[in-house]
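Working notes, structure below.
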Amino acid sequence: AQEKKIFTVQGPYPIIRRELRARGWVERKLPGIGRQLEQHRGDQNKQQLEAGPSNGSGGQREALLNPCGGAQPFLGTTDPLHYPWLPAEEEEQCDEDPNGIHDLMSYLVRDRLPNFIWTNCLEAIDHQLLQQDNVVNHYARVDAFTTKEGLCLSLQKLPWIEQADPNTFFPRCYRLGTLDEREAFIEDFRLTAARSLLKLALEEAGDRPVTTQQVPNSARGAGKSHVSYLKHSTARPGSPLYPELVEEALEVCKQHLDVLQHQDIDRSTPSPCMTCINWDRFLQQYYRVAHEGAGLVLTKQQRKQCQKLLQHLAEQLPQLDMEGNLNVWILKPGAESQGRGIICTTRLEEVLQLAWSCTAPSVRVGRWVVQKYVERLLTVFGTKFDIRQWFVVTDWRPLTVWFYRECYLRFCSRPFSLYHLERARHLCNVSVQKWCKTSPDQDPRVPPDKIWSNKQFQEYLAQLGQAEAWHQVLVPGMKAAILGALRSAQDQVRFRKGSFELYGADFLVGEDFQPWLLEINSCPTMSPSSAVTRQLCANVQRDTLCLVLDRKDNPTHSIGAFELIYKE
């Protein structure tokens with residue numbers, strides 16, 4: 001059995017290396033691993049899953065599986081290996097080979113193929129050299145759900161695969177490099193503006209009072225300000241009024257509702273967005289109302305019409321409430337990660353300026369997607385957060401999915417506000433927030449390292465009187481969203497028996513505790529940024545090895561916090 005216990009690790013995974021050695025496995029090290037370690041890539045490596053090998057990956061591929069590619073022993077030296085991404089205490093634990101014993105053992109198995117491969121880059125593996133019993137921590141062609149563009153396209157197909165509506169868990173999304181989707185986005189933006197105007201008009205008329213400016217710290221308790229609502233700015237003296245705007249918005253929404261209620265009827269008339277009003281003028285006036293404080297005039301009859309229309313639209317549109325009333329959209333490069341290139345905007349013309357450049361061949365790989373921003377979201381102490389949730393796929397045929405019962409929250413460094421769209425308030429990525437200084441008006445109860453465990457979040461929910469929301473709404477919602485994404489992309493993934501993959505899904509939480517899937521990361525970062533992630537990242541790596549290795553030999557072996565949530 002000894003010959004079946006050779007492993008290779010590429011990337012910053014000291015926990016994996018240490019756990020396998022403790023199981024009696026022998027590492028076949030990469031050439032020069034002690035002096036020329038590969039650069040830590042983290043979440044960004046998912047770009048390589050669709051873009052092909054990066055410069056220099058050919059050598060790594062050869063080293064991982066070429067029978068003569070093992071590292072030479074560092075005989076005659078006791079210099080420790082240097083892992084620049086680790087703190088000193090973890091670096092020491094990472095190698096644990098002061099006498100060079102592991103180097104010597106690696107040299108002895110230099111002509112053997114590794115049986116277990118854990119890498120942060122799928123392109124480092126030559127699949128032609130893989131044998132049937134090789135275990136690898138990646139599948140091929142997962143960009144169908146691990147890139148923003150791929151997830152957007154795959155989820156459009158979900159209703160054809162099973163009875164599930166992606167609009168109930170995935171904010172509507174469009175690929176701007178595709179003409180049909182760009183036109184669909186323009187229509188969506190206009191329709192959302194019309195609905196938003198009706199909401200603003202009702203708020204100004206006092207129908208839905210919004211007291212959503214943050215309550216001063218001195219006046220609020222633990223559960224008093226868990227939601228940041230919008231407060232529409234009141235009209236300034238002398239600001240223009242647009243009495244015709246409400247009438248135009250009502251007409252547009254009526255026509256849209258008619259389309260939604262009769263989707264099975266072949267309509268020969270054009271879309272309501274294309275025909276009934278001058279949209280350029282309407283949007284410019286809507287901007288004045290939504291963002292500059294211009295006033296609206298609402299008659300009693302219009303008020304009743306607005307209430308009735310929005311009620312009927314809510315029955316047809318699952319995202320009507322979460323979309324808010326400021327028509328904020330978020331632009332994302334289709335294949336980037338770690339928050340690169342992401343901007344928030346409220347203007348159609350800004351989005352389209354980027355869209356024109358998307359068709360150029362030079363940027364075709366990084367095409368943009370535009371997605372509706374979740375405006376009505378849950379905040380903690382007035383601050384936006386998201387959830388990083390792990391899961392493992394151990395087979396695609398039949399699809400077999402394991403959900404990790406522990407996760408963590410990532411906070412922004414400034415209070416949430418839709419009137420200030422800078423990245424520090426709206427992007428929760430650690431790679432973004434680590435460069436942002438905490439603002440003076442940030443609630444001091446927000447953790448300094450901007451990380452919470454799910455247990456801390458559950459305690460917070462209990463303080464709000466919502467203790468059941470985690471198990472009754474959030475967890476079931478996250479599971480359903482993950483399964484929907486996987487099912488929608490299942491036919492595009494190139495699977496092989498013996499492989500597995502650990503993923504990190506990112507969720508926002510609506511003010512009704514409904515989770516909204518943002519993206520799924522292949523190769524989620526395991527580099528700890530806090531005490532919470534140091535423990536949780538180590539735990540999920542250990543439990544993953546229990547799941548994919550120990551459970552093979554012993555089906556009753558503990559798999560830690562993993563639970564099977566789906567098997568076809």
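Residues in the structure tokens are named by chain (A, B, ... in the order shown) and by number from 1 within that chain; ligands are numbered from 1 in the order shown.
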_So that I can check the surroundings of Ala424 in chain A, please list as a PyMOL selection string every protein, DNA and RNA residue that reaches within 10 Å of it, counting only C-alpha atoms and ignoring chain neighbours fewer than 2 positions away._
chain A and resi 384+411-416+420-422+426-429+432-439
Can I get the selection written as a PDB file, in the first residue's frame, with N, CA, C and O atoms?
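Contents of the output file part_27.pdb:
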ATOM      1  N   LYS A 384     -22.073  46.696   5.549  1.00  0.00           N
ATOM      2  CA  LYS A 384     -22.323  45.599   4.615  1.00  0.00           C
ATOM      3  C   LYS A 384     -21.364  44.444   4.891  1.00  0.00           C
ATOM      4  O   LYS A 384     -20.220  44.639   5.291  1.00  0.00           O
ATOM      5  N   PHE A 411     -16.562  41.779   6.342  1.00  0.00           N
ATOM      6  CA  PHE A 411     -17.165  43.100   6.483  1.00  0.00           C
ATOM      7  C   PHE A 411     -16.440  44.138   5.633  1.00  0.00           C
ATOM      8  O   PHE A 411     -15.235  44.033   5.374  1.00  0.00           O
ATOM      9  N   CYS A 412     -17.193  45.179   5.265  1.00  0.00           N
ATOM     10  CA  CYS A 412     -16.586  46.364   4.665  1.00  0.00           C
ATOM     11  C   CYS A 412     -16.008  47.253   5.765  1.00  0.00           C
ATOM     12  O   CYS A 412     -16.291  47.069   6.957  1.00  0.00           O
ATOM     13  N   SER A 413     -15.216  48.229   5.372  1.00  0.00           N
ATOM     14  CA  SER A 413     -14.535  49.079   6.351  1.00  0.00           C
ATOM     15  C   SER A 413     -15.210  50.430   6.532  1.00  0.00           C
ATOM     16  O   SER A 413     -14.727  51.261   7.304  1.00  0.00           O
ATOM     17  N   ARG A 414     -16.305  50.671   5.816  1.00  0.00           N
ATOM     18  CA  ARG A 414     -17.053  51.916   5.985  1.00  0.00           C
ATOM     19  C   ARG A 414     -18.544  51.601   6.058  1.00  0.00           C
ATOM     20  O   ARG A 414     -19.000  50.600   5.511  1.00  0.00           O
ATOM     21  N   PRO A 415     -19.334  52.462   6.706  1.00  0.00           N
ATOM     22  CA  PRO A 415     -20.776  52.204   6.824  1.00  0.00           C
ATOM     23  C   PRO A 415     -21.450  52.128   5.454  1.00  0.00           C
ATOM     24  O   PRO A 415     -21.048  52.817   4.503  1.00  0.00           O
ATOM     25  N   PHE A 416     -22.466  51.309   5.374  1.00  0.00           N
ATOM     26  CA  PHE A 416     -23.191  51.112   4.115  1.00  0.00           C
ATOM     27  C   PHE A 416     -23.994  52.354   3.756  1.00  0.00           C
ATOM     28  O   PHE A 416     -24.674  52.943   4.585  1.00  0.00           O
ATOM     29  N   HIS A 420     -23.136  56.784  -1.602  1.00  0.00           N
ATOM     30  CA  HIS A 420     -21.674  56.802  -1.757  1.00  0.00           C
ATOM     31  C   HIS A 420     -21.270  55.411  -2.233  1.00  0.00           C
ATOM     32  O   HIS A 420     -21.387  54.438  -1.501  1.00  0.00           O
ATOM     33  N   LEU A 421     -20.791  55.308  -3.465  1.00  0.00           N
ATOM     34  CA  LEU A 421     -20.603  54.011  -4.101  1.00  0.00           C
ATOM     35  C   LEU A 421     -19.140  53.585  -4.178  1.00  0.00           C
ATOM     36  O   LEU A 421     -18.770  52.782  -5.025  1.00  0.00           O
ATOM     37  N   GLU A 422     -18.307  54.105  -3.272  1.00  0.00           N
ATOM     38  CA  GLU A 422     -16.898  53.699  -3.312  1.00  0.00           C
ATOM     39  C   GLU A 422     -16.739  52.249  -2.854  1.00  0.00           C
ATOM     40  O   GLU A 422     -17.568  51.691  -2.133  1.00  0.00           O
ATOM     41  N   HIS A 426     -18.758  48.817  -0.386  1.00  0.00           N
ATOM     42  CA  HIS A 426     -19.606  47.905  -1.149  1.00  0.00           C
ATOM     43  C   HIS A 426     -18.935  46.600  -1.559  1.00  0.00           C
ATOM     44  O   HIS A 426     -19.636  45.668  -1.959  1.00  0.00           O
ATOM     45  N   LEU A 427     -17.622  46.495  -1.499  1.00  0.00           N
ATOM     46  CA  LEU A 427     -16.941  45.250  -1.864  1.00  0.00           C
ATOM     47  C   LEU A 427     -16.342  44.638  -0.603  1.00  0.00           C
ATOM     48  O   LEU A 427     -15.463  45.223   0.027  1.00  0.00           O
ATOM     49  N   CYS A 428     -16.811  43.447  -0.257  1.00  0.00           N
ATOM     50  CA  CYS A 428     -16.400  42.828   1.003  1.00  0.00           C
ATOM     51  C   CYS A 428     -15.140  41.977   0.871  1.00  0.00           C
ATOM     52  O   CYS A 428     -14.660  41.449   1.882  1.00  0.00           O
ATOM     53  N   ASN A 429     -14.603  41.828  -0.335  1.00  0.00           N
ATOM     54  CA  ASN A 429     -13.424  40.987  -0.529  1.00  0.00           C
ATOM     55  C   ASN A 429     -12.296  41.400   0.398  1.00  0.00           C
ATOM     56  O   ASN A 429     -11.970  42.589   0.518  1.00  0.00           O
ATOM     57  N   VAL A 432      -9.678  43.503  -1.174  1.00  0.00           N
ATOM     58  CA  VAL A 432     -10.018  44.922  -1.332  1.00  0.00           C
ATOM     59  C   VAL A 432      -9.926  45.636   0.011  1.00  0.00           C
ATOM     60  O   VAL A 432      -9.302  46.698   0.136  1.00  0.00           O
ATOM     61  N   GLN A 433     -10.540  45.055   1.038  1.00  0.00           N
ATOM     62  CA  GLN A 433     -10.658  45.738   2.323  1.00  0.00           C
ATOM     63  C   GLN A 433      -9.326  45.871   3.064  1.00  0.00           C
ATOM     64  O   GLN A 433      -9.176  46.754   3.905  1.00  0.00           O
ATOM     65  N   LYS A 434      -8.362  45.002   2.769  1.00  0.00           N
ATOM     66  CA  LYS A 434      -7.089  45.101   3.483  1.00  0.00           C
ATOM     67  C   LYS A 434      -6.347  46.397   3.151  1.00  0.00           C
ATOM     68  O   LYS A 434      -5.450  46.807   3.890  1.00  0.00           O
ATOM     69  N   TRP A 435      -6.730  47.048   2.062  1.00  0.00           N
ATOM     70  CA  TRP A 435      -6.100  48.320   1.692  1.00  0.00           C
ATOM     71  C   TRP A 435      -6.919  49.519   2.151  1.00  0.00           C
ATOM     72  O   TRP A 435      -6.516  50.664   1.927  1.00  0.00           O
ATOM     73  N   CYS A 436      -8.077  49.283   2.760  1.00  0.00           N
ATOM     74  CA  CYS A 436      -8.970  50.376   3.140  1.00  0.00           C
ATOM     75  C   CYS A 436      -8.845  50.670   4.635  1.00  0.00           C
ATOM     76  O   CYS A 436      -8.908  49.755   5.465  1.00  0.00           O
ATOM     77  N   LYS A 437      -8.695  51.920   4.963  1.00  0.00           N
ATOM     78  CA  LYS A 437      -8.672  52.324   6.360  1.00  0.00           C
ATOM     79  C   LYS A 437     -10.104  52.393   6.892  1.00  0.00           C
ATOM     80  O   LYS A 437     -11.014  52.832   6.197  1.00  0.00           O
ATOM     81  N   THR A 438     -10.277  51.952   8.123  1.00  0.00           N
ATOM     82  CA  THR A 438     -11.591  52.031   8.760  1.00  0.00           C
ATOM     83  C   THR A 438     -11.959  53.495   8.956  1.00  0.00           C
ATOM     84  O   THR A 438     -11.173  54.277   9.494  1.00  0.00           O
ATOM     85  N   SER A 439     -13.146  53.870   8.526  1.00  0.00           N
ATOM     86  CA  SER A 439     -13.541  55.275   8.601  1.00  0.00           C
ATOM     87  C   SER A 439     -13.926  55.644  10.030  1.00  0.00           C
ATOM     88  O   SER A 439     -14.363  54.797  10.815  1.00  0.00           O
TER      89      SER A 439
END
*Extract, using only C-alpha atoms, all DNA, RNA and protein residues at most 6 Å from Leu508 in chain A, discarding same-chain residues fewer than 5 positions from it, and format them as a list in words.*
Asp386, Pro515 and Trp516 of chain A
*Long-range neighbours of Thr346 in chain A as a PyMOL selection string, 12 Å cut-off, only C-alpha atoms, 4 positions minimum in chain*: chain A and resi 189-190+192-193+283-284+286-288+290-291+325-331+350-352+370-373+375+418-421
*Exercise: Leu461 in chain A partners within 12 Å, only C-alpha atoms, chain neighbours under 3 positions left out, as an NGL selection string*: :A and (222-224 or 226 or 378-381 or 454-458 or 464-471 or 474 or 513)
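Minimum atom-to-atom distances from A:Arg141, A:Phe282, A:Asp512, A:Val401 to Gln319 in chain A were compared using only C-alpha atoms, and the lowest value belongs to A:Asp512.
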*Val136 in chain A: which residues within 7 Å, counting only C-alpha atoms, same-chain residues fewer than 4 positions away excluded, as a list of chain:residue names?*
A:Phe116, A:Ile117, A:Trp118, A:Gly498, A:Ser499, A:Phe500
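Interatomic distance, CA of Asp321 in chain A to CA of Glu511 in chain A: 9.6 Å.
Between Tyr139 in chain A and the residues A:Gly24, A:Asn120, A:Trp368, A:Gln311, the shortest atom-to-atom distance, using only C-alpha atoms, involves A:Asn120.
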_What does the structure give for the distance between CA of Asp449 in chain A and CA of Leu377 in chain A, in Å to one decimal?_
21.7 Å
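Among A:Ser530, A:Glu247, A:Leu354, A:Val259, the residue with the shortest atom-to-atom distance to Gln301 in chain A, counting only C-alpha atoms, is A:Glu247.
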*To one decimal place, how far is CA of Phe7 in chain A from CA of Arg397 in chain A in Å?*
25.5 Å
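With only C-alpha atoms as the atoms that count, the residue of A:Leu241, A:Ile161, A:Cys152, A:Val26 with the shortest distance to Leu176 in chain A is A:Cys152.
Non-sequential neighbours of range 554-561 of chain A (distance at most 12 Å, separation of 4 or more positions within a chain, only C-alpha atoms) are Trp390, Phe391, Val392, Trp402, Phe403, Tyr404, Arg405, Glu406, Cys407, Leu536, Ala538, Asn539, Val540, Gln541, Arg542, Asp543, Thr544, Leu545, Cys546, Leu547, Val548, Leu549 and Asp550 of chain A.
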